[in-house]
Amino acid sequence: MLYCSIKETTHTVTLIPGDGIGPELLNHVRELFRFSCVPLDFEVVNINSSITSEDDINNAITAIRRNGVALKGNLETNHTLPPSHKSRNNVLRYTGLDLYANVMRCQSLPGVQTRHKNIDIIIIRENTEGEYSSLEHESVPGVVESLKIITRNNSLRIADYAFQLAREKGRRRVTAVHKANIMKLADGLFLQCCREVASGYPDIAFDSMIVDNTTMQLVSKPHQFDVMVMPNLYGNVVSNVCAGLVGGPGLVPGANYGHNYAVFETATRNTGKSIAGRNIANPTAMLLASCLMLDHLKLHDYASMIRNAVFATMNESLLHTPDIGGQGTTSEMVQSVMRNIKSSGPLTTEL
Amino acid sequence: MEFWIIFLNVKQQCKIHLGLGENTFEMFNKGYEIKSLILGNFFAFQVHTVTLIPGDGIGPEISTAVMKIFEAAKVPIQWEERNVTAIKGPGGKWMIPPEAKESMDRSKIGLKGPLKTPIAAGHPSMNLLLRKTFDLYANVRPCVSIEGYKTPYTDVDLVTIRENTEGEYSGIEHVIVDGVVQSIKLITEQASRRIAEYAFEYARNNQRSSVTAVHKANIMRMSDGLFLRKCREVAENYKDVKFTEMYLDTVCLNMVQDPTQFDVLVMPNLYGDILSDLCAGLIGGLGVTPSGNIGANGVAIFESVHGTAPDIAGKDLANPTALLLSAVMMLRHMGLHADAKKIETACYDTIRDKKVLTKDLGGNSKCSEFTTEICRRVQDMD
């Protein structure tokens with residue numbers, strides 16, 4: 001272990017282990033941070049997703065509000081429970097914290113075999129409304145209505161976020177994904193808001209594409225895409241397609257940003273129930289998510305150090321976990337990351 | 001195979017002719033009492049009428065290509081060409097021309113090329129109008145990798161079955177207040193049960209081993225929950241077919257990594273729209289993907305789902321593969337499996353050979369040359 005001398009102020013972030021592979025992966029993150037002397041304290045908040053009481057989730061929201069930042073595993077949703085028992089992940093995201101932008105960068109990683117190479121797409125998904133409003137009712141027995149809500153405010157907000165991010169990262173084009181030919185009012189409003197915002201960013205090209213064509217283009221010519229912005233459900237579909245293109249759920253980190261808070265997790269939000277506790281889960285997505293968190297906290301040196309170590313580990317195919325075709329274990333991968341960090345030269349003094 | 005038993009009571013010596021049109025066979029009765037005749041595959045002698053809707057843009061030329069190939073293969077089909085451009089009926093309501101409706105109601109089977117919707121004010125989407133007129137509730141797309149047309153994905157062999165009447169495409173939208181819009185997704189027990197039943201029947205009739213219901217019931221608990229429940233109920237009556245459920249996002253994630261794990265997929269409208277196009281992308285796009293729409297009252301319309309391609313219309317450059325494969329799907333639906341296999345094989349062999357390919361498939365042959373090549377192969381098979 002590296003010997004640490006504490007020079008920087010320690011931040012506190014909320015840690016929500018979640019279900020499935022969440023707890024074990026987050027333990028590895030903590031282990032890695034301790035090893036690397038990252039000046040971070042974790043406040044662990046457990047949420048039991050099987051009980052219906054709201055106390056757990058409210059505690060979590062309070063903790064995140066206090067700390068401003070959280071790292072979380074996915075919470076399982078039992079969809080056989082009645083509709084009043086909403087998805088805990090969603091409650092966290094919008095009800096409590098208004099985390100309106102879900103950002104995912106799908107980047108081909110070195111050493112990972114995929115059908116398409118050199119993909120680098122940023123997906124910005126509106127995270128609070130759309131089809132995820134959970135407003136449903138059974139008007140007549142056997143007839144159910146589910147409401148999709150699109151508002152001008154949220155559409156402008158997410159479009160603005162997308163263009164700002166594109167500009168910040170030196171990206172050249174933003175594509176809005178929609179189905180306005182069928183949902184003329186709802187997606188029509190979204191598209192119109194994107195166009196309005198686009199006119200304020202003449203340095204960035206703007207175009208739009210219908211969602212079904214988008215998925216078809218993604219599997220045949222993914223390199224045409226740069227930055228994509230879209231409402232909630234299409235965001236769900238497109239992020240999963242893109243994650244699959246670069247190698248799967250074990251590799252891609254995700255971030256949820258609001259004006260005041262940020263929550264980091266794996267991009268495709270899988271609980272990984274079937275592989276939990278078997279030491280075969282791929283820690284890459286969660287490790288990279290923790291790097292996004294470090295960047296957000298302006299701890300850029302630590303973020304780069306860990307990220308580079310992860311990429312170096314990915315290059316060794318013998319260490320690959322089963323999801324990307326290898327036979328390695330989670331702990332072996334994490335050990336390798338730690339070795340790479342050590343050999344890259346410590347940030348703190350070593351005795 | 002259909003067998004007909006005809007009872008005759010003929011005692012004298014005579015010749016008996018049986019058949020329709022050109023297909024006849026004769027028997028010589030030598031004076032024995034013929035109590036019964038068993039005719040195997042009588043269905044093959046019957047000439048079927050199919051309503052052909054050539055469509056717009058490249059529609060007419062690819063329809064001609066299909067007709068040529070069918071003629072070369074001697075398929076017992078008689079085409080009835082009809083135009084479905086909407087007209088305003090009495091009362092001002094848009095409808096398809098009565099001749100077209102009458103033909104389809106009679107023949108029950110249709111083959112359709114791409115349609116363009118005129119930009120006239122208030123003109124409805126042609127496809128939507130057809131769907132409503134014939135209650136085309138199931139959209140079926142078999143996606144099979146085409147040997148010889150390489151994509152990054154090999155060994156794809158799945159079928160997407162999409163509920164085509166309700167869901168997110170109900171078209172019910174409102175402006176609640178300025179800047180807040182609501183779009184209604186409608187899921188009904190009846191439509192969900194109907195599509196689930198179709199999916200399981202299809203699986204059984206086409207020797208498919210599993211049906212997967214695709215949903216987002218974790219988020220849309222009531223609507224997708226209802227859909228899922230109906231699928232589960234129908235699954236109980238089809239124990240010979242394996243039934244699984246999967247979240248839409250998981251399907252997308254897994255589909256682009258390993259599409260071979262999927263067989264038959266059944267889902268509501270929007271997910272079906274997205275997934276069927278995703279799967280078409282895996283095998284090479286809309287130019288090579290067949291599609292069929294199944295309606296109530298036994299009506300079925302098979303169609304190519306690509307656009308009208310106005311820029312190449314009339315230039316003999318179009319690729320008729322999508323319409324041809326849809327016509328093959330139609331033949332299978334009608335029970336004409338031998339003819340279907342023959343034409344499909346000729347088409348796949350031509351593509352695999354790579355000598356005569358249209359531009360979109362990577363060659364530089366004309367549509368007519370591609371068609372002639374397939375006709376030649378079909379005739380060689382006889």
# chains A, B, ... in the order shown; residues from 1 in each chain; ligands from 1
>>> closest_atom_pairs(of="chain A", to="chain B", cutoff="7 Å", atoms="only C-alpha atoms", output="tab-separated table")
residue	atom	partner	partner_atom	distance
A:Thr77	CA	B:Asn218	CA	6.2
A:His79	CA	B:Asn218	CA	4.9
A:Pro83	CA	B:Arg221	CA	5.5
A:Ser87	CA	B:Ile219	CA	6.8
A:Arg115	CA	B:Pro152	CA	6.0
A:Tyr132	CA	B:Ile219	CA	6.3
A:Ser134	CA	B:Met220	CA	6.4
A:Glu136	CA	B:Met222	CA	6.5
A:Gly142	CA	B:Glu189	CA	4.8
A:Val143	CA	B:Thr188	CA	4.4
A:Val144	CA	B:Ile187	CA	5.2
A:Glu145	CA	B:Leu186	CA	4.8
A:Ser146	CA	B:Lys185	CA	5.0
A:Leu147	CA	B:Ile184	CA	4.9
A:Lys148	CA	B:Ser183	CA	5.0
A:Ile149	CA	B:Gln182	CA	4.6
A:Ile150	CA	B:Val181	CA	5.2
A:Thr151	CA	B:Val180	CA	4.4
A:Arg152	CA	B:Gly179	CA	4.7
A:Ile182	CA	B:Tyr169	CA	6.6
A:Met183	CA	B:Gly171	CA	6.7
A:Leu185	CA	B:Glu173	CA	6.5
A:Ala186	CA	B:Val181	CA	5.6
A:Val211	CA	B:Ile274	CA	6.8
A:Asp212	CA	B:Ile274	CA	4.4
A:Asn213	CA	B:Asp277	CA	6.7
A:Thr215	CA	B:Leu278	CA	5.1
A:Met216	CA	B:Gly281	CA	4.4
A:Gln217	CA	B:Gly281	CA	6.9
A:Val219	CA	B:Gly281	CA	6.1
A:Ser220	CA	B:Gly281	CA	6.1
A:Asn236	CA	B:Asp249	CA	6.3
A:Val237	CA	B:Asp249	CA	5.5
A:Asn240	CA	B:Leu253	CA	4.8
A:Val241	CA	B:Leu253	CA	5.2
A:Ala243	CA	B:Leu253	CA	6.7
A:Gly244	CA	B:Leu253	CA	4.8
A:Leu245	CA	B:Val256	CA	6.2
A:Gly248	CA	B:Leu253	CA	7.0
>>> select_by_dssp(residues="region 204-368 of chain B", states="strand (DSSP E or B)", output="PyMOL selection string")
chain B and resi 210-215+242-247+264-267+290-295+300-304
>>> atom_distance(atom1="CA of Gln46 (chain B)", atom2="CA of Glu80 (chain B)")
16.0 Å
>>> select_by_dssp(residues="region 137-325 of chain B", states="helix (DSSP H, G or I)", output="ChimeraX atom specification")
/B:189-205,223-235,248-257,259-261,269-283,286-288,296-298,321-325
>>> residues_around(residues="Thr52 (chain A)", least_positions_apart="2", cutoff="10 Å", atoms="only C-alpha atoms", output="ChimeraX atom specification")
/A:48-50,54-56,81,84-86,88
>>> closest_residue(among="B:Ile62, B:Leu336, B:Ala203, B:Val264", to="Ala313 (chain B)", atoms="only C-alpha atoms")
B:Ile62
>>> residues_around(residues="Phe33 (chain A)", least_positions_apart="5", cutoff="12 Å", atoms="only C-alpha atoms", output="list in words")
Met1, Leu2, Cys4, Leu26, Asn27, His28, Val38, Pro39, Leu40, Asp41, Phe42, Leu287, Ser290, Cys291, Leu294, Tyr302, Ala303, Met305, Ile306, Val334, Val337, Met338 and Ile341 of chain A
>>> residues_around(residues="Lys72 (chain A)", least_positions_apart="2", cutoff="7 Å", atoms="only C-alpha atoms", output="ChimeraX atom specification")
/A:15-18,70,74,264-265
